[in-house]
$ cat protein_33.csv   # CSV, C-alpha atoms and all ligand atoms
chain,number,residue,atom,x,y,z
F,270,MET,CA,-6.9,-32.9,-10.4
F,271,LEU,CA,-10.5,-33.9,-10.9
F,272,GLY,CA,-11.1,-33.6,-7.1
F,273,TYR,CA,-10.9,-29.8,-7.2
F,274,PRO,CA,-13.8,-29.1,-9.5
F,275,ILE,CA,-16.0,-31.6,-7.7
F,276,LYS,CA,-14.9,-30.1,-4.3
F,277,ARG,CA,-15.7,-26.6,-5.6
F,278,ILE,CA,-19.2,-27.6,-6.7
F,279,CYS,CA,-19.9,-29.3,-3.4
F,280,THR,CA,-18.7,-26.5,-1.3
F,281,GLN,CA,-20.6,-24.0,-3.4
F,282,LEU,CA,-23.8,-25.9,-2.8
F,283,LEU,CA,-23.2,-26.6,0.9
F,284,GLY,CA,-21.7,-23.1,1.4
F,285,ASP,CA,-25.0,-21.4,0.6
F,286,MET,CA,-26.7,-23.2,3.5
F,287,HIS,CA,-23.7,-22.9,5.8
F,288,VAL,CA,-23.3,-19.1,5.4
F,289,ARG,CA,-27.0,-18.4,5.8
F,290,ASP,CA,-27.2,-20.5,8.9
F,291,TRP,CA,-24.1,-18.9,10.5
F,292,TYR,CA,-25.1,-15.4,9.6
F,293,ALA,CA,-28.6,-15.8,11.1
F,294,ALA,CA,-27.5,-17.7,14.2
F,295,GLU,CA,-24.6,-15.6,15.2
F,296,ASP,CA,-26.2,-12.1,15.1
F,297,ASP,CA,-29.6,-12.3,13.6
F,298,GLY,CA,-28.1,-11.1,10.4
F,299,ARG,CA,-27.2,-7.7,11.8
F,300,TYR,CA,-23.5,-7.6,12.5
F,301,LEU,CA,-22.2,-4.1,13.3
F,302,PRO,CA,-18.9,-4.8,15.0
F,303,ASP,CA,-17.2,-1.4,15.0
F,304,THR,CA,-20.1,0.8,16.0
F,305,CYS,CA,-18.6,1.4,19.4
F,306,ARG,CA,-15.0,0.2,19.1
F,307,PRO,CA,-12.6,3.0,18.0
F,308,TYR,CA,-9.5,1.8,16.3
F,309,CYS,CA,-6.2,3.4,15.2
F,310,THR,CA,-6.4,4.4,11.6
F,311,ARG,CA,-2.7,3.8,11.2
F,312,CYS,CA,-2.4,0.2,12.4
F,313,GLY,CA,-6.0,-0.9,12.9
F,314,ALA,CA,-5.6,-1.8,16.6
F,315,SER,CA,-8.6,-1.4,18.9
F,316,ILE,CA,-7.9,1.6,21.2
F,317,GLY,CA,-9.5,3.9,23.6
F,318,SER,CA,-10.8,7.1,22.0
F,319,GLU,CA,-8.1,9.2,23.8
F,320,ALA,CA,-5.2,7.0,22.9
F,321,VAL,CA,-4.6,7.9,19.3
F,322,THR,CA,-2.8,10.8,17.7
F,323,LYS,CA,-2.2,11.6,14.0
F,324,LYS,CA,1.1,9.7,14.2
F,325,GLY,CA,-0.6,6.5,15.5
F,326,CYS,CA,-1.2,4.8,18.8
F,327,ALA,CA,1.0,3.2,21.4
F,328,PHE,CA,1.1,0.0,19.3
F,329,CYS,CA,2.4,1.5,16.1
F,330,LEU,CA,4.2,4.8,16.9
F,331,ASN,CA,7.6,3.3,16.3
F,332,HIS,CA,6.7,0.8,13.6
F,333,PRO,CA,7.2,1.6,9.9
F,334,ILE,CA,3.8,1.5,8.1
F,335,HIS,CA,3.7,2.1,4.4
F,336,TRP,CA,0.0,2.7,3.9
F,337,GLN,CA,-1.7,6.0,4.6
F,338,ARG,CA,-4.5,4.6,6.6
F,339,ILE,CA,-6.2,1.4,7.4
F,340,ILE,CA,-9.9,0.5,7.5
F,341,ARG,CA,-11.4,-2.6,9.0
F,342,VAL,CA,-14.7,-4.4,9.7
F,343,GLY,CA,-13.7,-5.3,13.2
F,344,ALA,CA,-11.2,-6.9,15.6
F,345,TYR,CA,-10.1,-10.5,15.1
F,346,GLU,CA,-12.5,-12.0,17.6
F,347,PRO,CA,-15.8,-14.0,17.4
F,348,PRO,CA,-18.0,-14.0,15.5
F,349,LEU,CA,-15.9,-12.2,12.8
F,350,SER,CA,-12.9,-14.4,13.4
F,351,HIS,CA,-15.0,-17.6,12.9
F,352,TRP,CA,-16.4,-16.2,9.6
F,353,VAL,CA,-12.9,-15.3,8.4
F,354,LEU,CA,-11.8,-18.9,9.1
F,355,ASN,CA,-14.7,-20.2,7.1
F,356,LEU,CA,-13.7,-17.8,4.3
F,357,LYS,CA,-10.2,-19.1,4.3
F,358,PHE,CA,-10.8,-22.8,4.8
F,359,HIS,CA,-14.5,-23.6,4.1
F,360,HIS,CA,-16.9,-22.6,1.4
F,361,GLY,CA,-14.8,-19.5,0.5
F,362,TRP,CA,-16.9,-18.3,-2.4
F,363,ARG,CA,-20.1,-17.5,-0.4
F,364,TRP,CA,-18.2,-16.3,2.7
F,365,GLY,CA,-16.2,-14.0,0.4
F,366,GLN,CA,-19.5,-12.5,-0.8
F,367,MET,CA,-20.9,-12.0,2.6
F,368,LEU,CA,-17.7,-10.6,4.2
F,369,GLY,CA,-17.1,-8.4,1.2
F,370,GLU,CA,-20.6,-6.9,1.8
F,371,LEU,CA,-19.5,-6.1,5.4
F,372,LEU,CA,-16.3,-4.3,4.2
F,373,SER,CA,-17.9,-2.4,1.3
F,374,PRO,CA,-19.7,0.3,3.4
F,375,HIS,CA,-16.4,1.2,5.1
F,376,ILE,CA,-14.8,1.7,1.7
F,377,ALA,CA,-17.8,3.6,0.3
F,378,LYS,CA,-17.4,6.2,3.1
F,379,LEU,CA,-13.8,7.1,2.0
F,380,ASP,CA,-13.2,10.5,0.4
F,381,MET,CA,-11.7,9.4,-2.9
F,382,ASP,CA,-11.5,10.2,-6.6
F,383,VAL,CA,-13.4,7.2,-7.9
F,384,ASP,CA,-11.9,7.7,-11.4
F,385,ARG,CA,-8.4,7.2,-10.1
F,386,THR,CA,-8.9,4.6,-7.4
F,387,VAL,CA,-8.5,0.8,-7.8
F,388,LEU,CA,-8.9,-2.2,-5.6
F,389,CYS,CA,-5.9,-4.6,-5.3
F,390,PRO,CA,-6.1,-7.9,-3.5
F,391,VAL,CA,-3.0,-9.1,-1.7
F,392,PRO,CA,-1.7,-11.7,-4.1
F,393,MET,CA,-1.4,-15.4,-3.4
F,394,HIS,CA,1.2,-17.8,-4.8
F,395,TRP,CA,-0.1,-20.0,-7.5
F,396,TYR,CA,0.6,-23.1,-5.5
F,397,ARG,CA,-1.3,-22.0,-2.5
F,398,ARG,CA,-4.2,-20.9,-4.7
F,399,TRP,CA,-4.2,-24.3,-6.3
F,400,GLU,CA,-4.2,-25.9,-2.8
F,401,ARG,CA,-7.1,-23.8,-1.6
F,402,GLY,CA,-8.9,-23.3,-4.8
F,403,TYR,CA,-9.2,-19.5,-4.5
F,404,ASN,CA,-7.5,-16.4,-3.1
F,405,GLN,CA,-9.8,-15.2,-0.3
F,406,ALA,CA,-8.5,-11.6,-0.8
F,407,GLN,CA,-9.6,-11.7,-4.4
F,408,LEU,CA,-13.1,-12.9,-3.4
F,409,ILE,CA,-13.4,-10.0,-1.0
F,410,ALA,CA,-12.2,-7.5,-3.5
F,411,ASP,CA,-14.6,-8.9,-6.2
F,412,GLN,CA,-17.5,-8.4,-3.9
F,413,VAL,CA,-16.4,-4.9,-2.8
F,414,SER,CA,-16.0,-4.0,-6.5
F,415,ARG,CA,-19.6,-5.1,-7.2
F,416,GLN,CA,-20.9,-2.9,-4.4
F,417,VAL,CA,-18.8,0.3,-4.6
F,418,HIS,CA,-18.1,0.1,-8.4
F,419,LEU,CA,-14.4,0.3,-8.3
F,420,PRO,CA,-12.2,-1.8,-10.6
F,421,VAL,CA,-10.2,-4.7,-9.2
F,422,MET,CA,-6.7,-4.8,-10.6
F,423,PRO,CA,-4.1,-7.6,-9.9
F,424,LEU,CA,-1.2,-5.1,-9.6
F,425,LEU,CA,1.0,-7.5,-7.6
F,426,LYS,CA,2.0,-11.1,-7.8
F,427,ARG,CA,3.7,-13.6,-5.5
F,428,ASN,CA,6.9,-14.9,-7.0
F,429,ARG,CA,8.0,-17.1,-4.1
F,430,TYR,CA,6.1,-19.7,-2.0
F,431,THR,CA,6.5,-18.8,1.7
F,432,PRO,CA,5.0,-20.4,4.8
F,433,ALA,CA,1.7,-18.9,5.9
F,434,GLN,CA,2.4,-15.9,8.2
F,435,THR,CA,0.4,-17.5,10.9
F,436,ARG,CA,3.0,-20.3,11.0
F,437,VAL,CA,5.9,-17.9,11.5
F,438,VAL,CA,6.8,-16.1,14.8
F,439,PRO,CA,6.1,-12.4,14.5
F,440,SER,CA,9.7,-11.4,14.6
F,441,GLN,CA,10.4,-13.4,11.5
F,442,ARG,CA,7.3,-12.4,9.5
F,443,THR,CA,9.0,-9.5,7.7
F,444,VAL,CA,11.8,-11.8,6.6
F,445,ASN,CA,9.3,-14.5,5.6
F,446,VAL,CA,7.5,-12.3,3.1
F,447,SER,CA,10.4,-10.0,2.0
F,448,GLN,CA,11.0,-10.2,-1.7
F,449,SER,CA,8.1,-12.6,-2.2
F,450,VAL,CA,5.9,-10.0,-3.9
F,451,THR,CA,6.7,-8.3,-7.2
F,452,HIS,CA,4.8,-5.6,-9.1
F,453,ARG,CA,3.5,-5.5,-12.6
F,454,ASN,CA,4.9,-3.0,-15.1
F,455,MET,CA,2.4,-0.1,-14.7
F,456,ASP,CA,2.6,3.5,-13.6
F,457,LEU,CA,0.3,4.4,-10.7
F,458,THR,CA,1.4,8.0,-10.3
F,459,GLY,CA,-1.7,9.9,-9.1
F,460,TRP,CA,-3.7,6.8,-8.4
F,461,THR,CA,-5.1,5.6,-5.1
F,462,VAL,CA,-4.9,1.9,-4.4
F,463,ILE,CA,-7.1,0.2,-1.8
F,464,LEU,CA,-5.1,-2.9,-0.8
F,465,ILE,CA,-7.5,-5.7,0.3
F,466,ASP,CA,-6.8,-8.6,2.6
F,467,ASP,CA,-8.7,-10.8,5.0
F,468,VAL,CA,-6.7,-10.4,8.3
F,469,LYS,CA,-3.9,-8.1,9.4
F,470,THR,CA,-1.6,-9.5,12.0
F,471,SER,CA,1.9,-8.0,12.1
F,472,GLY,CA,1.3,-6.1,8.9
F,473,ALA,CA,4.4,-7.5,7.3
F,474,THR,CA,2.6,-8.8,4.2
F,475,MET,CA,0.7,-5.6,3.5
F,476,ASN,CA,3.8,-3.5,4.1
F,477,ASN,CA,5.7,-5.6,1.6
F,478,CYS,CA,2.9,-5.1,-0.9
F,479,CYS,CA,2.8,-1.3,-0.2
F,480,ARG,CA,6.6,-1.1,-1.0
F,481,GLN,CA,5.9,-2.6,-4.4
F,482,LEU,CA,3.0,-0.3,-5.1
F,483,LYS,CA,5.2,2.7,-4.2
F,484,LYS,CA,7.8,1.5,-6.7
F,485,MET,CA,4.9,1.8,-9.3
F,486,GLY,CA,4.5,5.5,-8.3
F,487,CYS,CA,1.5,5.1,-6.0
F,488,ARG,CA,1.6,7.5,-3.1
F,489,ASN,CA,-1.8,7.0,-1.6
F,490,ILE,CA,-2.4,3.5,-0.4
F,491,ILE,CA,-5.3,2.5,1.9
F,492,ALA,CA,-5.3,-0.9,3.6
F,493,ALA,CA,-8.7,-2.5,3.9
F,494,VAL,CA,-9.1,-5.7,5.9
F,495,LEU,CA,-11.9,-7.7,7.5
F,496,ALA,CA,-10.2,-8.1,10.8
F,497,VAL,CA,-7.2,-6.9,12.8
F,498,ALA,CA,-5.6,-9.1,15.3
F,499,ASP,CA,-5.0,-7.7,18.7
F,500,PRO,CA,-1.3,-6.6,18.8
F,501,LYS,CA,-1.1,-7.4,22.5
F,502,HIS,CA,-1.4,-11.1,21.5
F,503,ASP,CA,1.7,-11.4,19.2
F,504,ASP,CA,1.6,-15.1,19.5
F,505,PHE,CA,-2.1,-15.4,19.0
F,506,MET,CA,-3.1,-18.9,18.0
F,507,SER,CA,-2.4,-19.9,14.4
F,508,ILE,CA,-5.4,-19.4,12.1
F,509,ASP,CA,-4.6,-22.8,10.7
F,510,THR,CA,-4.8,-24.4,14.2
F,511,LEU,CA,-8.0,-22.6,15.0
F,512,THR,CA,-9.7,-24.3,12.1
F,513,GLU,CA,-9.6,-27.5,14.2
F,514,THR,CA,-11.3,-25.9,17.1
F,515,ARG,CA,-13.7,-23.5,15.5
F,516,PRO,CA,-17.4,-23.8,16.5
F,517,LYS,CA,-19.4,-26.2,14.3
T,1,ZN,ZN,-1.8,2.3,15.8
$ encode --input "protein_33.csv" --output "structure tokens"
Amino acid sequence: MLGYPIKRICTQLLGDMHVRDWYAAEDDGRYLPDTCRPYCTRCGASIGSEAVTKKGCAFCLNHPIHWQRIIRVGAYEPPLSHWVLNLKFHHGWRWGQMLGELLSPHIAKLDMDVDRTVLCPVPMHWYRRWERGYNQAQLIADQVSRQVHLPVMPLLKRNRYTPAQTRVVPSQRTVNVSQSVTHRNMDLTGWTVILIDDVKTSGATMNNCCRQLKKMGCRNIIAAVLAVADPKHDDFMSIDTLTETRPK
């Protein structure tokens, strides 16, 4: 048990240097990934400007999606994918701050009633949180909250430990997360919830969360993520595996 506080202190100190170095080296501190990359506002997939309709794009037309729209920082590709991996597995606190800063402007642009809008991180099971030391979605949400002045509310909770989605084949991801999330006893009628996570792959986790938010009366849910994995690569390499090969 003593190892975790010590590990936290060390990674906090080292993380400062690591984040600064990465951010400067990768893109001279000016990362603007989506300035010329249109994406589907229903599923978040990168698309051509002519390929999307109000009902979605070729990737999502026949897929049930329970949020009203999605916003993202960029596609799940370098350098953003490297930064997300660092957030998940190395020095999460500082990376959460930096990546939250990248997501905040996208949320600030939304047309919303700020008095009836809350941020909700995708929940993490207590055991995984203990293993990792933090919930990366919570770190992102906290930083977004500081920048756009919306409250963070833990509306959902994980009641069942499930394998990481990246360890499960896409066809089994909905089953993997079904009934693993429950909601708190609150009435969200008339409220907008911005559901925050680090990466969207199949969308099963976020759809599961949205179903619970709808049970609370929420009818306007916006998914906000750092990165969206390319749906053409359903078997994209596990994020856990990528940590072993990420650039140093
Ligand atoms: Zn789409």
$ closest_atom_pairs --input "protein_33.csv" --of "stretch 349-450 of chain F" --to "stretch 459-474 of chain F" --cutoff "6 Å" --atoms "all atoms listed in the file" --output "tab-separated table"
residue	atom	partner	partner_atom	distance
F:Arg385	CA	F:Trp460	CA	5.0
F:Thr386	CA	F:Thr461	CA	4.6
F:Val387	CA	F:Val462	CA	5.1
F:Leu388	CA	F:Ile463	CA	4.8
F:Cys389	CA	F:Leu464	CA	4.9
F:Pro390	CA	F:Ile465	CA	4.6
F:Val391	CA	F:Asp466	CA	5.8
F:Ala406	CA	F:Asp466	CA	4.8
F:Thr443	CA	F:Ala473	CA	5.0
$ write_last_selection --input "protein_33.csv" --atoms "C-alpha atoms" --output "PDB file, in the coordinates of the input"
ATOM      1  CA  ARG F 385      -8.400   7.200 -10.100  1.00  0.00           C
ATOM      2  CA  THR F 386      -8.900   4.600  -7.400  1.00  0.00           C
ATOM      3  CA  VAL F 387      -8.500   0.800  -7.800  1.00  0.00           C
ATOM      4  CA  LEU F 388      -8.900  -2.200  -5.600  1.00  0.00           C
ATOM      5  CA  CYS F 389      -5.900  -4.600  -5.300  1.00  0.00           C
ATOM      6  CA  PRO F 390      -6.100  -7.900  -3.500  1.00  0.00           C
ATOM      7  CA  VAL F 391      -3.000  -9.100  -1.700  1.00  0.00           C
ATOM      8  CA  ALA F 406      -8.500 -11.600  -0.800  1.00  0.00           C
ATOM      9  CA  THR F 443       9.000  -9.500   7.700  1.00  0.00           C
TER      10      THR F 443
END
$ closest_atom_pairs --input "protein_33.csv" --of "chain F" --to "ligand ZN 1 (chain T)" --cutoff "6 Å" --atoms "all atoms listed in the file" --output "Markdown table"
| residue | atom | partner | partner_atom | distance |
| --- | --- | --- | --- | --- |
| F:Cys309 | CA | T:ZN1 | ZN | 4.6 |
| F:Arg311 | CA | T:ZN1 | ZN | 4.9 |
| F:Cys312 | CA | T:ZN1 | ZN | 4.0 |
| F:Ala314 | CA | T:ZN1 | ZN | 5.6 |
| F:Gly325 | CA | T:ZN1 | ZN | 4.4 |
| F:Cys326 | CA | T:ZN1 | ZN | 4.0 |
| F:Phe328 | CA | T:ZN1 | ZN | 5.1 |
| F:Cys329 | CA | T:ZN1 | ZN | 4.3 |
$ closest_residue --input "protein_33.csv" --among "F:Ile491, F:Val383, F:Met422, F:Ala496" --to "F:Pro348" --atoms "all atoms listed in the file"
F:Ala496
$ closest_residue --input "protein_33.csv" --among "F:His375, F:Trp399, F:Thr322, F:Cys479" --to "F:Thr451" --atoms "all atoms listed in the file"
F:Cys479
$ atom_distance --input "protein_33.csv" --atom1 "atom CA of F:His351" --atom2 "atom CA of F:Val494"
15.0 Å
$ closest_residue --input "protein_33.csv" --among "F:Ser315, F:Gln337, F:Gln366, F:Asn331" --to "F:Arg488" --atoms "all atoms listed in the file"
F:Gln337
$ atom_distance --input "protein_33.csv" --atom1 "atom CA of F:Val342" --atom2 "atom CA of F:Gly313"
9.9 Å
$ closest_residue --input "protein_33.csv" --among "F:Ile376, F:Leu457, F:Leu408, F:Leu424" --to "F:Cys478" --atoms "all atoms listed in the file"
F:Leu424
$ closest_residue --input "protein_33.csv" --among "F:Ser350, F:Ser449, F:Thr310, F:Gln412" --to "F:Ala492" --atoms "only C-alpha atoms"
F:Thr310
$ atom_distance --input "protein_33.csv" --atom1 "atom CA of F:Val417" --atom2 "atom CA of F:Met393"
23.5 Å
